[in-house]
>>> print(open('coords16.txt').read())   # compact mmCIF, C-alpha atoms
# COMPACT_ATOMS: atom_id res chain seq x y z
CA MET A 232 -7.45 22.42 10.41
CA LYS A 233 -10.97 21.18 10.99
CA VAL A 234 -11.80 17.48 11.04
CA GLU A 235 -14.11 17.87 8.06
CA GLU A 236 -11.25 19.44 6.08
CA ILE A 237 -8.94 16.52 6.94
CA CYS A 238 -11.60 14.15 5.57
CA SER A 239 -12.07 16.29 2.48
CA VAL A 240 -8.33 16.55 1.67
CA LEU A 241 -7.80 12.79 2.00
CA ASN A 242 -11.14 11.45 0.81
CA GLY A 243 -11.41 10.11 4.32
CA GLU A 244 -14.31 8.59 6.18
CA LEU A 245 -15.33 9.79 9.62
CA VAL A 246 -15.81 6.60 11.66
CA CYS A 247 -16.76 8.22 14.94
CA GLY A 248 -16.79 11.64 16.50
CA CYS A 249 -19.25 13.01 13.93
CA ASP A 250 -20.22 15.73 16.39
CA LYS A 251 -16.63 17.01 16.23
CA ASN A 252 -16.59 17.96 12.53
CA ASN A 253 -15.70 21.50 13.49
CA HIS A 254 -13.02 20.44 15.95
CA GLU A 255 -9.66 22.06 15.11
CA VAL A 256 -6.40 20.10 15.04
CA ASN A 257 -3.35 22.07 14.01
CA TYR A 258 -0.43 19.69 14.60
CA ALA A 259 0.13 16.14 13.41
CA PHE A 260 2.48 13.29 14.24
CA ALA A 261 2.82 10.20 12.03
CA SER A 262 4.00 6.88 13.44
CA ASP A 263 3.20 3.19 13.61
CA LEU A 264 5.26 2.91 16.77
CA MET A 265 3.16 3.55 19.87
CA SER A 266 6.30 3.79 22.03
CA ASP A 267 7.22 6.86 19.95
CA VAL A 268 3.78 8.39 20.41
CA LEU A 269 4.10 8.05 24.18
CA THR A 270 7.20 10.26 24.16
CA ILE A 271 5.39 13.19 22.54
CA ASN A 272 4.79 16.09 24.88
CA CYS A 273 1.98 17.88 23.04
CA ASN A 274 -1.78 17.76 23.37
CA ASN A 275 -4.52 18.17 20.81
CA LEU A 276 -2.69 16.73 17.86
CA LEU A 277 -3.64 14.42 15.02
CA LEU A 278 -2.08 10.96 15.16
CA ILE A 279 -1.53 9.55 11.67
CA THR A 280 -0.94 5.80 11.82
CA GLY A 281 -1.28 2.53 10.00
CA LEU A 282 -1.45 0.57 13.25
CA ALA A 283 -5.08 -0.33 13.89
CA ASN A 284 -5.67 -2.12 17.17
CA LEU A 285 -7.01 -1.41 20.66
CA GLN A 286 -3.62 -0.27 21.88
CA THR A 287 -3.61 2.52 19.31
CA ILE A 288 -6.71 3.90 21.02
CA ARG A 289 -5.26 3.32 24.49
CA THR A 290 -1.99 5.02 23.53
CA ALA A 291 -3.90 8.03 22.22
CA GLU A 292 -5.90 8.13 25.45
CA MET A 293 -2.75 8.22 27.59
CA SER A 294 -1.18 10.84 25.31
CA ASP A 295 -4.22 13.15 25.40
CA ILE A 296 -4.69 12.70 21.64
CA ASN A 297 -8.32 13.06 20.60
CA CYS A 298 -8.11 12.52 16.86
CA ILE A 299 -6.62 9.55 14.97
CA LEU A 300 -6.27 9.15 11.20
CA PHE A 301 -5.83 5.54 10.04
CA VAL A 302 -4.08 5.31 6.68
CA ARG A 303 -3.73 2.50 4.10
CA ASN A 304 -7.44 1.55 4.32
CA LYS A 305 -6.99 0.08 7.78
CA SER A 306 -10.21 -1.14 9.37
CA VAL A 307 -11.46 0.11 12.69
CA THR A 308 -12.85 -2.85 14.67
CA PRO A 309 -16.10 -2.52 16.64
CA GLU A 310 -14.07 -2.78 19.89
CA MET A 311 -11.82 0.09 18.79
CA LYS A 312 -14.83 2.19 17.80
CA ASN A 313 -16.64 1.49 21.08
CA LEU A 314 -13.61 2.47 23.14
CA ALA A 315 -12.99 5.61 21.06
CA GLU A 316 -16.63 6.66 21.44
CA GLU A 317 -16.46 6.08 25.19
CA LEU A 318 -13.40 8.33 25.31
CA GLY A 319 -14.90 10.97 23.02
CA MET A 320 -12.30 10.47 20.28
CA THR A 321 -12.56 11.17 16.59
CA LEU A 322 -11.47 8.35 14.25
CA ILE A 323 -10.94 8.84 10.51
CA THR A 324 -9.92 6.27 7.90
CA CYS A 325 -8.47 7.00 4.48
CA PRO A 326 -7.06 5.00 1.55
CA SER A 327 -3.78 6.97 1.27
CA THR A 328 -0.37 5.75 2.38
CA MET A 329 1.08 7.43 5.44
CA PHE A 330 3.51 9.34 3.21
CA ARG A 331 0.79 10.67 0.91
CA ALA A 332 -1.59 11.48 3.76
CA SER A 333 1.14 13.37 5.61
CA GLY A 334 2.15 15.23 2.44
CA GLU A 335 -1.38 16.24 1.52
CA LEU A 336 -2.15 17.45 5.02
CA TYR A 337 1.12 19.38 5.20
CA ARG A 338 0.30 21.06 1.88
CA ALA A 339 -3.14 21.94 3.23
CA GLY A 340 -1.61 23.67 6.26
CA MET A 341 -1.25 21.00 8.94
CA LYS A 342 1.85 21.71 11.03
CA PRO A 343 4.51 19.17 12.11
CA LEU A 344 5.37 18.92 15.78
CA PHE A 345 9.05 19.61 15.15
CA MET B 281 -5.80 13.11 51.14
CA ALA B 282 -4.44 9.56 51.04
CA MET B 283 -5.98 6.91 48.81
CA SER B 284 -4.82 3.51 47.62
CA PHE B 285 -5.92 1.39 44.68
CA GLU B 286 -4.86 -1.98 43.34
CA TYR B 287 -5.25 -3.59 39.92
CA LYS B 288 -4.41 -7.05 38.63
CA VAL B 289 -2.74 -7.40 35.25
CA THR B 290 -2.77 -10.58 33.16
CA GLY B 291 0.22 -11.35 30.99
CA GLY B 292 -0.46 -11.68 27.27
CA ASP B 293 -3.92 -10.09 27.45
CA PHE B 294 -3.48 -7.18 25.05
CA THR B 295 -7.22 -6.52 24.83
CA ARG B 296 -7.14 -5.32 28.46
CA ALA B 297 -3.68 -3.75 28.44
CA GLY B 298 -4.13 -0.15 29.52
CA TYR B 299 -7.34 -0.72 31.46
CA ALA B 300 -5.72 0.03 34.83
CA SER B 301 -3.97 3.11 33.43
CA SER B 302 -7.28 4.30 32.01
CA GLN B 303 -9.01 3.87 35.38
CA VAL B 304 -6.25 5.77 37.15
CA LYS B 305 -6.45 8.59 34.59
CA LYS B 306 -10.21 8.93 35.13
CA MET B 307 -9.77 8.96 38.90
CA LEU B 308 -7.03 11.62 38.81
CA LYS B 309 -9.17 13.80 36.53
CA GLN B 310 -12.10 13.49 38.93
CA LEU B 311 -9.82 14.55 41.77
CA GLY B 312 -8.78 17.63 39.83
CA VAL B 313 -5.09 16.75 39.56
CA ASP B 314 -3.14 18.98 37.15
CA ASN B 315 -3.33 17.69 33.55
CA THR B 316 0.44 17.78 33.04
CA VAL B 317 0.94 15.63 36.13
CA ILE B 318 -1.82 13.24 35.03
CA LYS B 319 -0.15 12.75 31.67
CA ARG B 320 3.21 11.95 33.25
CA VAL B 321 1.55 9.49 35.66
CA VAL B 322 -0.43 7.66 33.00
CA VAL B 323 2.44 7.53 30.49
CA CYS B 324 4.63 5.90 33.19
CA LEU B 325 1.84 3.60 34.28
CA TYR B 326 0.78 2.58 30.78
CA GLU B 327 4.36 1.84 29.69
CA ALA B 328 4.82 -0.28 32.83
CA GLU B 329 1.42 -1.99 32.44
CA VAL B 330 2.19 -2.90 28.83
CA ASN B 331 5.55 -4.27 29.98
CA ILE B 332 3.79 -6.66 32.38
CA VAL B 333 1.38 -7.77 29.65
CA ALA B 334 4.26 -8.17 27.20
CA HIS B 335 6.80 -9.94 29.40
CA ALA B 336 5.22 -11.43 32.53
CA TRP B 337 2.61 -14.03 33.45
CA ASP B 338 0.78 -11.64 35.73
CA GLY B 339 1.32 -8.67 37.96
CA ILE B 340 -0.12 -6.24 40.48
CA ILE B 341 -0.30 -2.48 40.19
CA SER B 342 -0.71 -0.48 43.38
CA VAL B 343 -1.37 3.23 43.32
CA ASP B 344 -0.93 5.40 46.42
CA LEU B 345 -2.19 8.93 46.14
CA ASN B 346 -0.80 11.24 48.81
CA THR B 347 -1.06 14.95 49.43
CA ASP B 348 2.22 15.72 47.69
CA SER B 349 2.91 12.78 45.38
CA ILE B 350 1.62 9.74 43.54
CA PHE B 351 3.43 6.48 44.17
CA LEU B 352 3.07 3.59 41.71
CA LYS B 353 4.37 0.11 42.46
CA LEU B 354 4.24 -2.60 39.81
CA THR B 355 5.22 -6.11 40.83
CA ASP B 356 5.19 -8.91 38.29
CA ASN B 357 5.60 -12.65 38.14
CA GLY B 358 7.82 -12.76 35.11
CA PRO B 359 11.18 -13.94 33.87
CA GLY B 360 13.00 -10.96 35.41
CA ILE B 361 15.72 -8.84 33.85
CA ALA B 362 19.28 -10.13 33.83
CA ASN B 363 20.96 -6.81 33.04
CA ILE B 364 19.03 -3.74 34.20
CA ASP B 365 21.58 -1.26 32.81
CA GLN B 366 21.15 -2.82 29.38
CA ALA B 367 17.33 -2.78 29.72
CA MET B 368 17.45 0.94 30.53
CA GLN B 369 19.26 1.74 27.28
CA LYS B 370 17.10 3.25 24.56
CA GLY B 371 16.53 0.74 21.79
CA TYR B 372 17.26 -2.41 23.78
CA SER B 373 14.32 -4.83 23.90
CA THR B 374 13.59 -8.52 24.28
CA ALA B 375 9.97 -8.15 23.14
CA SER B 376 8.34 -10.84 21.03
CA PRO B 377 7.20 -10.26 17.42
CA GLN B 378 3.59 -10.20 18.74
CA VAL B 379 4.43 -7.31 21.08
CA ARG B 380 6.15 -5.44 18.24
CA GLU B 381 3.07 -5.90 16.07
CA MET B 382 1.11 -4.06 18.75
CA GLY B 383 3.37 -1.02 18.30
CA PHE B 384 5.65 -1.64 21.28
CA GLY B 385 8.94 -3.42 21.97
CA ALA B 386 11.20 -0.68 20.63
CA GLY B 387 13.21 -0.44 23.81
CA MET B 388 11.75 2.93 24.77
CA GLY B 389 9.44 2.04 27.66
CA LEU B 390 11.79 2.03 30.65
CA PRO B 391 13.71 5.15 29.48
CA ASN B 392 10.37 6.93 28.97
CA ILE B 393 9.25 5.99 32.49
CA SER B 394 12.53 7.32 33.83
CA ALA B 395 12.08 10.58 31.87
CA ASN B 396 8.58 11.17 33.25
CA ALA B 397 9.13 10.10 36.86
CA ASP B 398 10.54 12.21 39.67
CA ARG B 399 11.88 9.00 41.21
CA PHE B 400 12.19 5.65 39.48
CA VAL B 401 13.54 2.48 41.06
CA ILE B 402 13.69 -0.87 39.29
CA ASN B 403 14.56 -4.15 40.98
CA SER B 404 14.71 -7.43 39.15
CA GLU B 405 16.22 -10.85 39.31
CA PRO B 406 16.08 -13.55 36.67
CA GLY B 407 13.39 -16.04 37.65
CA ALA B 408 12.02 -13.85 40.44
CA GLY B 409 10.17 -11.13 38.55
CA THR B 410 10.48 -7.38 38.37
CA THR B 411 9.35 -4.53 40.61
CA LEU B 412 9.07 -0.92 39.53
CA GLU B 413 8.61 1.95 41.98
CA ILE B 414 7.61 5.24 40.40
CA THR B 415 7.04 8.50 42.25
CA ILE B 416 5.61 11.62 40.67
CA ASN B 417 5.34 14.78 42.72
CA LEU B 418 2.04 16.60 42.45
CA ASN B 419 3.70 20.00 42.36
CA SER B 420 6.43 19.17 39.85
CA ASN B 421 6.07 19.41 36.08
CA ALA B 422 9.67 18.83 35.13
CA VAL B 423 10.15 16.14 32.48
>>> encode(input="coords16.txt", output="structure tokens")
Amino acid sequence: MKVEEICSVLNGELVCGCDKNNHEVNYAFASDLMSDVLTINCNNLLLITGLANLQTIRTAEMSDINCILFVRNKSVTPEMKNLAEELGMTLITCPSTMFRASGELYRAGMKPLF
Amino acid sequence: MAMSFEYKVTGGDFTRAGYASSQVKKMLKQLGVDNTVIKRVVVCLYEAEVNIVAHAWDGIISVDLNTDSIFLKLTDNGPGIANIDQAMQKGYSTASPQVREMGFGAGMGLPNISANADRFVINSEPGAGTTLEITINLNSNAV
């Protein structure tokens, strides 16, 4: 699924990574627990989370995750955006709950990791 | 090829937590190390770096890059661990509410380091701090 389609399905806003609108992400993992994210052995996936802080970006960096969707209208701070841009990441925000966002993306064809 | 690097870590400073791991990741990429190995190294290192930030007053990370392996040593000035077997159990944690708010403190860090390392040694004593020694072979991808 392309980044622009993720935004379209969820009425999401692309915060950074605008040049990656055509970037494809086919698997997603939803968690607010970064310790969980660090156990995932899969690259190029979408992280769906309601945890918005610098460590979310750092965790994604260490996990080779290039695209993060922040749910529940969470704000991306300038520090988070700067770090994500430096790392070439795509950040999206959306108003949906994690449950709704996951459900809508699943219905649109996004695959779960397991 | 033998290179050594050292980084200081400050306890409680979550804005910089992960900086050393990020630097090591960039360096390993520049050196052309296999991506699967890099991921295992930085997951181990980041978990351990966050542990220092979360639990200790300060610490030192040393990274030794050899021809056949990467050796990480993390030494902290912290409260130490009274029961290492208990600390190694999944789900056991003494993390503060602040650490949990950052998305950590679920008792998964040390087991995850153990799962990603080819060799993992932890030494600790209450009041004397904790030392982790992590070895990852450059030609091994087993997790």
>>> residues_around(input="coords16.txt", residues="B:Val289", least_positions_apart="3", cutoff="10 Å", atoms="all atoms listed in the file", output="mmCIF file with C-alpha atoms, in the frame of the given file")
data_model
loop_
_atom_site.group_PDB
_atom_site.id
_atom_site.type_symbol
_atom_site.label_atom_id
_atom_site.label_comp_id
_atom_site.auth_asym_id
_atom_site.auth_seq_id
_atom_site.Cartn_x
_atom_site.Cartn_y
_atom_site.Cartn_z
ATOM 1 C CA GLU B 286 -4.860 -1.980 43.340
ATOM 2 C CA GLY B 292 -0.460 -11.680 27.270
ATOM 3 C CA ASP B 293 -3.920 -10.090 27.450
ATOM 4 C CA ARG B 296 -7.140 -5.320 28.460
ATOM 5 C CA ALA B 297 -3.680 -3.750 28.440
ATOM 6 C CA GLY B 298 -4.130 -0.150 29.520
ATOM 7 C CA TYR B 299 -7.340 -0.720 31.460
ATOM 8 C CA ALA B 300 -5.720 0.030 34.830
ATOM 9 C CA GLU B 329 1.420 -1.990 32.440
ATOM 10 C CA VAL B 330 2.190 -2.900 28.830
ATOM 11 C CA ILE B 332 3.790 -6.660 32.380
ATOM 12 C CA VAL B 333 1.380 -7.770 29.650
ATOM 13 C CA ALA B 336 5.220 -11.430 32.530
ATOM 14 C CA TRP B 337 2.610 -14.030 33.450
ATOM 15 C CA ASP B 338 0.780 -11.640 35.730
ATOM 16 C CA GLY B 339 1.320 -8.670 37.960
ATOM 17 C CA ILE B 340 -0.120 -6.240 40.480
ATOM 18 C CA ILE B 341 -0.300 -2.480 40.190
ATOM 19 C CA LEU B 354 4.240 -2.600 39.810
ATOM 20 C CA THR B 355 5.220 -6.110 40.830
ATOM 21 C CA ASP B 356 5.190 -8.910 38.290
#
>>> axis_aligned_box(input="coords16.txt", around="stretch 244-262 of chain A", padding_each_side="3 Å", output="JSON")
{"center_x": -8.1, "center_y": 14.3, "center_z": 11.3, "size_x": 30.2, "size_y": 21.5, "size_z": 16.3}
>>> closest_atom_pairs(input="coords16.txt", of="chain B", to="chain A", cutoff="7 Å", atoms="only C-alpha atoms", output="Markdown table")
| residue | atom | partner | partner_atom | distance |
| --- | --- | --- | --- | --- |
| B:Thr295 | CA | A:Leu285 | CA | 6.6 |
| B:Gly298 | CA | A:Arg289 | CA | 6.2 |
| B:Lys319 | CA | A:Met293 | CA | 6.6 |
| B:Val322 | CA | A:Met293 | CA | 5.9 |
| B:Val323 | CA | A:Met293 | CA | 6.0 |
| B:Met382 | CA | A:Gln286 | CA | 6.8 |
| B:Gly383 | CA | A:Leu264 | CA | 4.6 |
| B:Phe384 | CA | A:Ser266 | CA | 5.5 |
| B:Ala386 | CA | A:Ser266 | CA | 6.8 |
| B:Met388 | CA | A:Ser266 | CA | 6.2 |
| B:Gly389 | CA | A:Ser266 | CA | 6.7 |
| B:Asn392 | CA | A:Thr270 | CA | 6.7 |
>>> atom_distance(input="coords16.txt", atom1="atom CA of A:Met320", atom2="atom CA of A:Cys238")
15.2 Å
>>> residues_around(input="coords16.txt", residues="A:Phe345", least_positions_apart="6", cutoff="10 Å", atoms="all atoms listed in the file", output="ChimeraX atom specification")
/A:258-260
>>> closest_residue(input="coords16.txt", among="B:Tyr326, B:Tyr287, B:Phe351, B:Phe294", to="B:Gln378", atoms="only C-alpha atoms")
B:Phe294
>>> atom_distance(input="coords16.txt", atom1="atom CA of B:Thr374", atom2="atom CA of B:Glu413")
21.2 Å
>>> closest_residue(input="coords16.txt", among="B:Asp344, B:Asp314, B:Glu327, B:Asp365", to="B:Ser404", atoms="all atoms listed in the file")
B:Asp365
>>> atom_distance(input="coords16.txt", atom1="atom CA of B:Asn419", atom2="atom CA of B:Lys305")
17.1 Å
>>> residues_around(input="coords16.txt", residues="A:Glu255", least_positions_apart="2", cutoff="8 Å", atoms="only C-alpha atoms", output="VMD selection string")
chain A and resid 232 to 234 253 257
>>> write_last_selection(input="coords16.txt", atoms="C-alpha atoms", output="PDB file, keeping the file's coordinate frame")
ATOM      1  CA  MET A 232      -7.450  22.420  10.410  1.00  0.00           C
ATOM      2  CA  LYS A 233     -10.970  21.180  10.990  1.00  0.00           C
ATOM      3  CA  VAL A 234     -11.800  17.480  11.040  1.00  0.00           C
ATOM      4  CA  ASN A 253     -15.700  21.500  13.490  1.00  0.00           C
ATOM      5  CA  ASN A 257      -3.350  22.070  14.010  1.00  0.00           C
TER       6      ASN A 257
END
>>> residues_around(input="coords16.txt", residues="B:Ser376", least_positions_apart="4", cutoff="9 Å", atoms="only C-alpha atoms", output="number ranges by chain")
B: 334-335, 380-381, 385
>>> residues_around(input="coords16.txt", residues="B:Met368", least_positions_apart="4", cutoff="12 Å", atoms="all atoms listed in the file", output="MDAnalysis selection string")
chainID B and resid 361:364 372:374 386:395 400:403
>>> build_atoms(input="coords16.txt", residues="stretch 294-329 of chain A", atoms="N, CA and C atoms", output="tab-separated table (two decimals), keeping the file's coordinate frame")
chain	number	residue	atom	x	y	z
A	294	SER	N	-1.94	9.70	25.85
A	294	SER	CA	-1.18	10.84	25.31
A	294	SER	C	-2.03	12.08	25.12
A	295	ASP	N	-3.29	12.03	25.57
A	295	ASP	CA	-4.22	13.15	25.40
A	295	ASP	C	-4.40	13.51	23.92
A	296	ILE	N	-4.43	12.50	23.07
A	296	ILE	CA	-4.69	12.70	21.64
A	296	ILE	C	-6.15	12.35	21.38
A	297	ASN	N	-6.88	13.27	20.80
A	297	ASN	CA	-8.32	13.06	20.60
A	297	ASN	C	-8.72	12.75	19.18
A	298	CYS	N	-7.76	12.74	18.26
A	298	CYS	CA	-8.11	12.52	16.86
A	298	CYS	C	-7.07	11.61	16.20
A	299	ILE	N	-7.53	10.50	15.62
A	299	ILE	CA	-6.62	9.55	14.97
A	299	ILE	C	-7.03	9.36	13.51
A	300	LEU	N	-6.05	9.43	12.62
A	300	LEU	CA	-6.27	9.15	11.20
A	300	LEU	C	-5.59	7.83	10.85
A	301	PHE	N	-6.38	6.84	10.44
A	301	PHE	CA	-5.83	5.54	10.04
A	301	PHE	C	-5.63	5.55	8.53
A	302	VAL	N	-4.40	5.29	8.11
A	302	VAL	CA	-4.08	5.31	6.68
A	302	VAL	C	-4.12	3.88	6.10
A	303	ARG	N	-3.85	3.78	4.81
A	303	ARG	CA	-3.73	2.50	4.10
A	303	ARG	C	-4.99	1.63	4.23
A	304	ASN	N	-6.17	2.29	4.27
A	304	ASN	CA	-7.44	1.55	4.32
A	304	ASN	C	-7.55	0.61	5.51
A	305	LYS	N	-6.91	0.95	6.60
A	305	LYS	CA	-6.99	0.08	7.78
A	305	LYS	C	-8.41	0.12	8.36
A	306	SER	N	-8.85	-1.05	8.82
A	306	SER	CA	-10.21	-1.14	9.37
A	306	SER	C	-10.22	-0.83	10.86
A	307	VAL	N	-11.25	-0.13	11.27
A	307	VAL	CA	-11.46	0.11	12.69
A	307	VAL	C	-12.43	-0.97	13.19
A	308	THR	N	-11.99	-1.77	14.17
A	308	THR	CA	-12.85	-2.85	14.67
A	308	THR	C	-13.95	-2.26	15.55
A	309	PRO	N	-15.05	-3.00	15.75
A	309	PRO	CA	-16.10	-2.52	16.64
A	309	PRO	C	-15.58	-2.22	18.05
A	310	GLU	N	-14.62	-3.02	18.54
A	310	GLU	CA	-14.07	-2.78	19.89
A	310	GLU	C	-13.31	-1.46	19.93
A	311	MET	N	-12.56	-1.18	18.86
A	311	MET	CA	-11.82	0.09	18.79
A	311	MET	C	-12.79	1.26	18.75
A	312	LYS	N	-13.84	1.11	17.94
A	312	LYS	CA	-14.83	2.19	17.80
A	312	LYS	C	-15.54	2.44	19.12
A	313	ASN	N	-15.94	1.35	19.78
A	313	ASN	CA	-16.64	1.49	21.08
A	313	ASN	C	-15.78	2.24	22.10
A	314	LEU	N	-14.51	1.83	22.18
A	314	LEU	CA	-13.61	2.47	23.14
A	314	LEU	C	-13.39	3.94	22.78
A	315	ALA	N	-13.21	4.22	21.50
A	315	ALA	CA	-12.99	5.61	21.06
A	315	ALA	C	-14.22	6.47	21.36
A	316	GLU	N	-15.40	5.90	21.15
A	316	GLU	CA	-16.63	6.66	21.44
A	316	GLU	C	-16.75	6.94	22.94
A	317	GLU	N	-16.41	5.91	23.72
A	317	GLU	CA	-16.46	6.08	25.19
A	317	GLU	C	-15.52	7.20	25.63
A	318	LEU	N	-14.40	7.33	24.93
A	318	LEU	CA	-13.40	8.33	25.31
A	318	LEU	C	-13.60	9.66	24.59
A	319	GLY	N	-14.62	9.72	23.74
A	319	GLY	CA	-14.90	10.97	23.02
A	319	GLY	C	-13.89	11.29	21.94
A	320	MET	N	-13.31	10.26	21.33
A	320	MET	CA	-12.30	10.47	20.28
A	320	MET	C	-12.91	10.51	18.90
A	321	THR	N	-12.19	11.15	17.99
A	321	THR	CA	-12.56	11.17	16.59
A	321	THR	C	-11.65	10.21	15.82
A	322	LEU	N	-12.26	9.29	15.07
A	322	LEU	CA	-11.47	8.35	14.25
A	322	LEU	C	-11.81	8.58	12.78
A	323	ILE	N	-10.77	8.66	11.95
A	323	ILE	CA	-10.94	8.84	10.51
A	323	ILE	C	-10.15	7.73	9.81
A	324	THR	N	-10.69	7.20	8.73
A	324	THR	CA	-9.92	6.27	7.90
A	324	THR	C	-9.75	6.88	6.52
A	325	CYS	N	-8.67	6.51	5.85
A	325	CYS	CA	-8.47	7.00	4.48
A	325	CYS	C	-7.65	5.98	3.69
A	326	PRO	N	-7.76	5.99	2.37
A	326	PRO	CA	-7.06	5.00	1.55
A	326	PRO	C	-5.58	5.33	1.32
A	327	SER	N	-5.15	6.55	1.59
A	327	SER	CA	-3.78	6.97	1.27
A	327	SER	C	-2.73	6.24	2.09
A	328	THR	N	-1.50	6.21	1.57
A	328	THR	CA	-0.37	5.75	2.38
A	328	THR	C	-0.07	6.82	3.42
A	329	MET	N	0.73	6.45	4.41
A	329	MET	CA	1.08	7.43	5.44
A	329	MET	C	1.84	8.60	4.83
